[in-house]
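Remarks on the structure that follows.
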Amino acid sequence: MSDRRRDAEAVLARLGLVLDDHEIPAARLGELAAGADAPALIEALGAIPTPAAAAALAAVEQRAADRGVRKAARRALHGLRQRGILPPPRPRPAAPPAPAPIEGLVSAFDGRGDRLVWLLRALADGGTLLVAARLGEPAGLHDLQVAEVTRKQVRAARRELADDAGLRLVAADWRLLDALLVEADERAAAAGRGRAYAKVRVRLTSDPPATAAEPVSTRVRAPAADEVEALVDRSGTLLDEPELRAWWPAPDAVAPFLAEVEALRESPLVLSPAQQEERVAAVVRRAAAALFPPADLARRLAGTAYVLAETGRGEAAAQALAVAGVLRARPERAADVPLVATLVRGVLGRMLAAEESRQVEERRGALVLTPGEVRARSSSRPPHTRG
């Protein structure tokens, strides 16, 4: 053994280090690298041509906070490398655990053009992070709630929504639902309501969002060109589905068109049935464009078609997709689509009947009759005969 190596080992012994080929005293290296003995430690390690010394120098270089100490350790380590002494390779850092999978659930649209989107991620403690949102079409994100819940609570909430509100949540690709949430969040921000989802999204994923698009079910195929018209012609039956039975617009939105129909019925002008129907049809066309804008209705139908298909109603899903396609391609046809016409006439008829009942009660016994009431009474009076 050379005198230099003997002196170096004596220095290590003074520092309380035992260096051999099987043990690297990593626990003490960081402490010594931060103290006054750092130069002596580095010089001693550089004088011992063993892999253990090289490993210790590499550890000092990695652990030292002082730039000068790291530089000195790097020079000493370079000297050993020139002599063919290399530190053992550093162990690769353990791969980070794979993120917990995210589940997505979505409902059909309701009568206001809203739907629910849920994203769920399992937590390390056994709970579940729930991000529950209400999205409007086209208004964007309305409500957002974040909670840590149990799976039992999730199941109970889904049952309650189905039983009490008729809203069924079905599974969907969470990436598509995430993209819909990002889109809705941007619409809410543009309307001055802030970005609620952007603050929560970091708890779910750091991936860039996908392009917003409605989920497509594998349980139903897109209608062929020669099938579309037949499906559209039968589309009025879609209103028999629970999800569409309440697709009525807000009363205040219907009020102007209801007033037009009432004015036609109360007009002192005597119109033939054909003339009256023609004028009512014109009101229906304007109401269809205002109450059910084709682009918005197409989006709602496409989203609802996914839920219909995933719950085993393929024919209804195909009808919804066919109507959505027609509304996108030829929006001017909207009022002629049986589904749309039935919706508009249904809401006008229902509200008109309710208004007539109210007016009858208010005017019961009134001395002044409206023209419509005069005609109604005249038509119901028995013919006069002379005695």
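Ordered as shown in the structure tokens, chains take letters A, B, and onward, while each chain numbers its residues from 1 and ligands are numbered from 1 in the order shown.
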
Do you know which residues are at most 10 Å from Arg245 (chain A) counting only C-alpha atoms, after dropping those on the same chain fewer than 6 positions away, and could you put them as a list in words? Asp110, Gly111, Leu238, Leu239 and Leu343 of chain A

Extract the full set of helix (DSSP H, G or I) residues from region 68-180 of chain A according to DSSP on the backbone, and format it as number ranges by chain. A: 68-82, 151-165, 174-180

Write out as a tab-separated table a residue-level contact list of region 69-143 of chain A versus region 180-198 of chain A with cut-off 7 Å: for each qualifying residue the closest pair of atoms and the distance in Å to one decimal, counting only C-alpha atoms, rows sorted by chain and residue number upward.
residue	atom	partner	partner_atom	distance
A:Leu135	CA	A:Ala184	CA	6.5
A:Ala139	CA	A:Arg187	CA	6.6
A:Gly140	CA	A:Ala184	CA	4.0
A:Leu141	CA	A:Ala184	CA	4.8

Produce a table with one row for each residue of region 246-365 of chain A that has an atom at most 7 Å from any atom of region 216-233 of chain A, each row naming the nearest atom pair and its distance in Å at one decimal; use only C-alpha atoms; arrange rows by chain and rising residue number; format as a tab-separated table.
residue	atom	partner	partner_atom	distance
A:Tyr306	CA	A:Ser217	CA	5.5
A:Ala309	CA	A:Arg219	CA	5.9
A:Glu310	CA	A:Ser217	CA	6.7
A:Gly314	CA	A:Val220	CA	5.9
A:Ala318	CA	A:Pro223	CA	6.4
A:Gln319	CA	A:Leu231	CA	5.1
A:Leu321	CA	A:Ala222	CA	7.0
A:Ala322	CA	A:Val228	CA	5.4
A:Val323	CA	A:Val232	CA	5.6
A:Val337	CA	A:Val232	CA	6.7
A:Pro338	CA	A:Asp233	CA	6.2

Extract, using only C-alpha atoms, all DNA, RNA and protein residues at most 6 Å from region 48-58 of chain A, discarding same-chain residues fewer than 3 positions from it, and format them as a PyMOL selection string. chain A and resi 5+21+45+61+73+85-87

Using only C-alpha atoms, the shortest atom-to-atom distance to Leu177 (chain A) among A:Arg279, A:Arg115, A:Arg151, A:Arg234 belongs to A:Arg115

List the spatial neighbours of Gly346 (chain A) as a PDB file with C-alpha atoms, in the first residue's frame - criterion: any atom at most 9 Å away, only C-alpha atoms, same-chain residues fewer than 5 positions off excluded.
ATOM      1  CA  TRP A 248     -90.581  21.907 -22.728  1.00  0.00           C
ATOM      2  CA  ALA A 341     -93.311  20.340 -34.802  1.00  0.00           C
ATOM      3  CA  MET A 351    -100.112  26.424 -22.303  1.00  0.00           C
TER       4      MET A 351
END

Using only C-alpha atoms, find the one residue out of A:Ala44, A:Ala263, A:Leu352, A:Gly68 that sits nearest to Arg6 (chain A).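 Comparing A:Ala44, A:Ala263, A:Leu352, A:Gly68 against Arg6 (chain A), the winner is A:Ala44.
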
I need the residue nearest Asp240 (chain A) from this list: A:Ser206, A:Arg155, A:Ala316, A:Leu120. Use only C-alpha atoms for the distance.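 Using only C-alpha atoms, Asp240 (chain A) sits closest to A:Ala316.
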
Within 7 Å of Ser107 (chain A) using only C-alpha atoms, minus same-chain residues under 4 positions, as a list of chain:residue names: A:Arg115, A:Leu116, A:Val117, A:Leu167, A:Arg168, A:Leu169, A:Val170, A:Val307

With N, CA and C atoms retained, could you export that selection as a short mmCIF file (atom, residue, chain, number, x, y, z; two decimals), in the first residue's frame?
data_model
loop_
_atom_site.label_atom_id
_atom_site.label_comp_id
_atom_site.auth_asym_id
_atom_site.auth_seq_id
_atom_site.Cartn_x
_atom_site.Cartn_y
_atom_site.Cartn_z
N ARG A 115 -77.57 18.84 -18.55
CA ARG A 115 -77.26 17.43 -18.28
C ARG A 115 -76.21 17.37 -17.18
N LEU A 116 -76.06 16.19 -16.61
CA LEU A 116 -75.09 15.97 -15.55
C LEU A 116 -73.88 15.23 -16.09
N VAL A 117 -72.71 15.62 -15.62
CA VAL A 117 -71.46 14.92 -15.92
C VAL A 117 -70.75 14.68 -14.60
N LEU A 167 -83.38 10.84 -14.17
CA LEU A 167 -82.09 11.04 -14.84
C LEU A 167 -81.21 9.81 -14.61
N ARG A 168 -80.92 9.12 -15.69
CA ARG A 168 -80.05 7.95 -15.60
C ARG A 168 -78.65 8.33 -16.03
N LEU A 169 -77.68 8.01 -15.20
CA LEU A 169 -76.28 8.26 -15.51
C LEU A 169 -75.68 6.99 -16.11
N VAL A 170 -75.07 7.11 -17.27
CA VAL A 170 -74.46 5.95 -17.92
C VAL A 170 -72.96 6.22 -18.08
N VAL A 307 -77.17 8.14 -24.49
CA VAL A 307 -77.81 7.54 -23.32
C VAL A 307 -78.87 6.54 -23.75
#

Got a sec: who's within 12 Å of Val131 (chain A), counting only C-alpha atoms, leaving out chain neighbours fewer than 4 positions off, as a PDB file with C-alpha atoms, in the first residue's frame?
ATOM      1  CA  ILE A 102     -60.894   7.911 -13.850  1.00  0.00           C
ATOM      2  CA  GLU A 103     -64.516   6.936 -14.448  1.00  0.00           C
ATOM      3  CA  GLY A 104     -67.000   9.039 -16.352  1.00  0.00           C
ATOM      4  CA  LEU A 105     -70.792   9.175 -16.100  1.00  0.00           C
ATOM      5  CA  VAL A 106     -73.202  11.307 -18.124  1.00  0.00           C
ATOM      6  CA  LEU A 116     -75.089  15.974 -15.548  1.00  0.00           C
ATOM      7  CA  VAL A 117     -71.461  14.920 -15.916  1.00  0.00           C
ATOM      8  CA  TRP A 118     -69.643  13.063 -13.158  1.00  0.00           C
ATOM      9  CA  LEU A 119     -65.939  12.216 -13.018  1.00  0.00           C
ATOM     10  CA  LEU A 120     -64.714   9.847 -10.300  1.00  0.00           C
ATOM     11  CA  ARG A 121     -61.169   8.978  -9.244  1.00  0.00           C
ATOM     12  CA  ALA A 122     -60.169   6.492  -6.549  1.00  0.00           C
ATOM     13  CA  ASP A 143     -72.819  24.214 -11.241  1.00  0.00           C
ATOM     14  CA  LEU A 144     -69.741  22.311 -10.068  1.00  0.00           C
ATOM     15  CA  GLN A 145     -69.375  20.324  -6.868  1.00  0.00           C
ATOM     16  CA  VAL A 146     -66.326  18.450  -5.599  1.00  0.00           C
ATOM     17  CA  ALA A 147     -66.510  15.961  -2.757  1.00  0.00           C
ATOM     18  CA  GLU A 148     -64.753  12.934  -1.304  1.00  0.00           C
ATOM     19  CA  VAL A 149     -67.354  10.190  -1.084  1.00  0.00           C
ATOM     20  CA  VAL A 154     -72.207   7.198  -5.357  1.00  0.00           C
ATOM     21  CA  TRP A 174     -63.868  10.190 -19.115  1.00  0.00           C
ATOM     22  CA  LEU A 177     -66.493  14.115 -20.682  1.00  0.00           C
ATOM     23  CA  ASP A 178     -63.410  16.026 -19.526  1.00  0.00           C
ATOM     24  CA  LEU A 181     -66.316  20.098 -19.140  1.00  0.00           C
ATOM     25  CA  ALA A 196     -64.577  26.660 -11.918  1.00  0.00           C
ATOM     26  CA  TYR A 197     -63.474  23.424 -13.595  1.00  0.00           C
ATOM     27  CA  ALA A 198     -59.972  24.633 -14.469  1.00  0.00           C
ATOM     28  CA  LYS A 199     -59.205  24.896 -10.734  1.00  0.00           C
ATOM     29  CA  VAL A 200     -60.431  21.347 -10.079  1.00  0.00           C
ATOM     30  CA  ARG A 201     -59.065  19.611 -13.158  1.00  0.00           C
ATOM     31  CA  VAL A 202     -55.504  19.465 -11.774  1.00  0.00           C
ATOM     32  CA  ARG A 203     -56.769  17.000  -9.157  1.00  0.00           C
ATOM     33  CA  LEU A 204     -57.841  14.645 -11.934  1.00  0.00           C
TER      34      LEU A 204
END

Determine, counting only C-alpha atoms, which protein, DNA and RNA residues have an atom within 12 Å of an atom of Arg14 (chain A); residues of the same chain fewer than 2 positions away are not included. Present the result as an NGL selection string. :A and (7-12 or 16-18 or 32 or 37 or 40-41 or 44)

Counting only C-alpha atoms, figure out which residue out of A:Leu269, A:Ala305, A:Ala320, A:Ala281 gets nearest to Pro215 (chain A).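 Looking at the shortest contact to Pro215 (chain A), the residue is A:Ala305.
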
One decimal, Å: what's the distance from CA of Asp173 (chain A) over to CA of Thr304 (chain A), could you say?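 Here the two named atoms are 15.3 Å from each other.
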
Computed interatomic separation between CA of Leu308 (chain A) and CA of Val344 (chain A) (Å):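 So the answer is 22.3 Å.
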
Within region 13-120 of chain A, find each residue whose DSSP state, derived from the backbone, is strand (DSSP E or B), and express the selection as a list in words. Ile102, Glu103, Gly104, Leu105, Val106, Asp114, Arg115, Leu116, Val117, Trp118, Leu119 and Leu120 of chain A

What does the file look like for those residues with C-alpha atoms, as a short mmCIF file (atom, residue, chain, number, x, y, z; two decimals), in the first residue's frame?
data_model
loop_
_atom_site.label_atom_id
_atom_site.label_comp_id
_atom_site.auth_asym_id
_atom_site.auth_seq_id
_atom_site.Cartn_x
_atom_site.Cartn_y
_atom_site.Cartn_z
CA ILE A 102 -60.89 7.91 -13.85
CA GLU A 103 -64.52 6.94 -14.45
CA GLY A 104 -67.00 9.04 -16.35
CA LEU A 105 -70.79 9.18 -16.10
CA VAL A 106 -73.20 11.31 -18.12
CA ASP A 114 -78.99 20.73 -19.03
CA ARG A 115 -77.26 17.43 -18.28
CA LEU A 116 -75.09 15.97 -15.55
CA VAL A 117 -71.46 14.92 -15.92
CA TRP A 118 -69.64 13.06 -13.16
CA LEU A 119 -65.94 12.22 -13.02
CA LEU A 120 -64.71 9.85 -10.30
#

Counting only C-alpha atoms, which of A:Ala47, A:Val340, A:Val69, A:Ala295 gets nearest to Leu327 (chain A)?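 Checking each of A:Ala47, A:Val340, A:Val69, A:Ala295 against Leu327 (chain A), counting only C-alpha atoms, the winner is A:Ala295.
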
Please report the interatomic distance between CA of Ala100 (chain A) and CA of Thr205 (chain A) in Å with one decimal.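 Computing it gives 10.1 Å between the two atoms.
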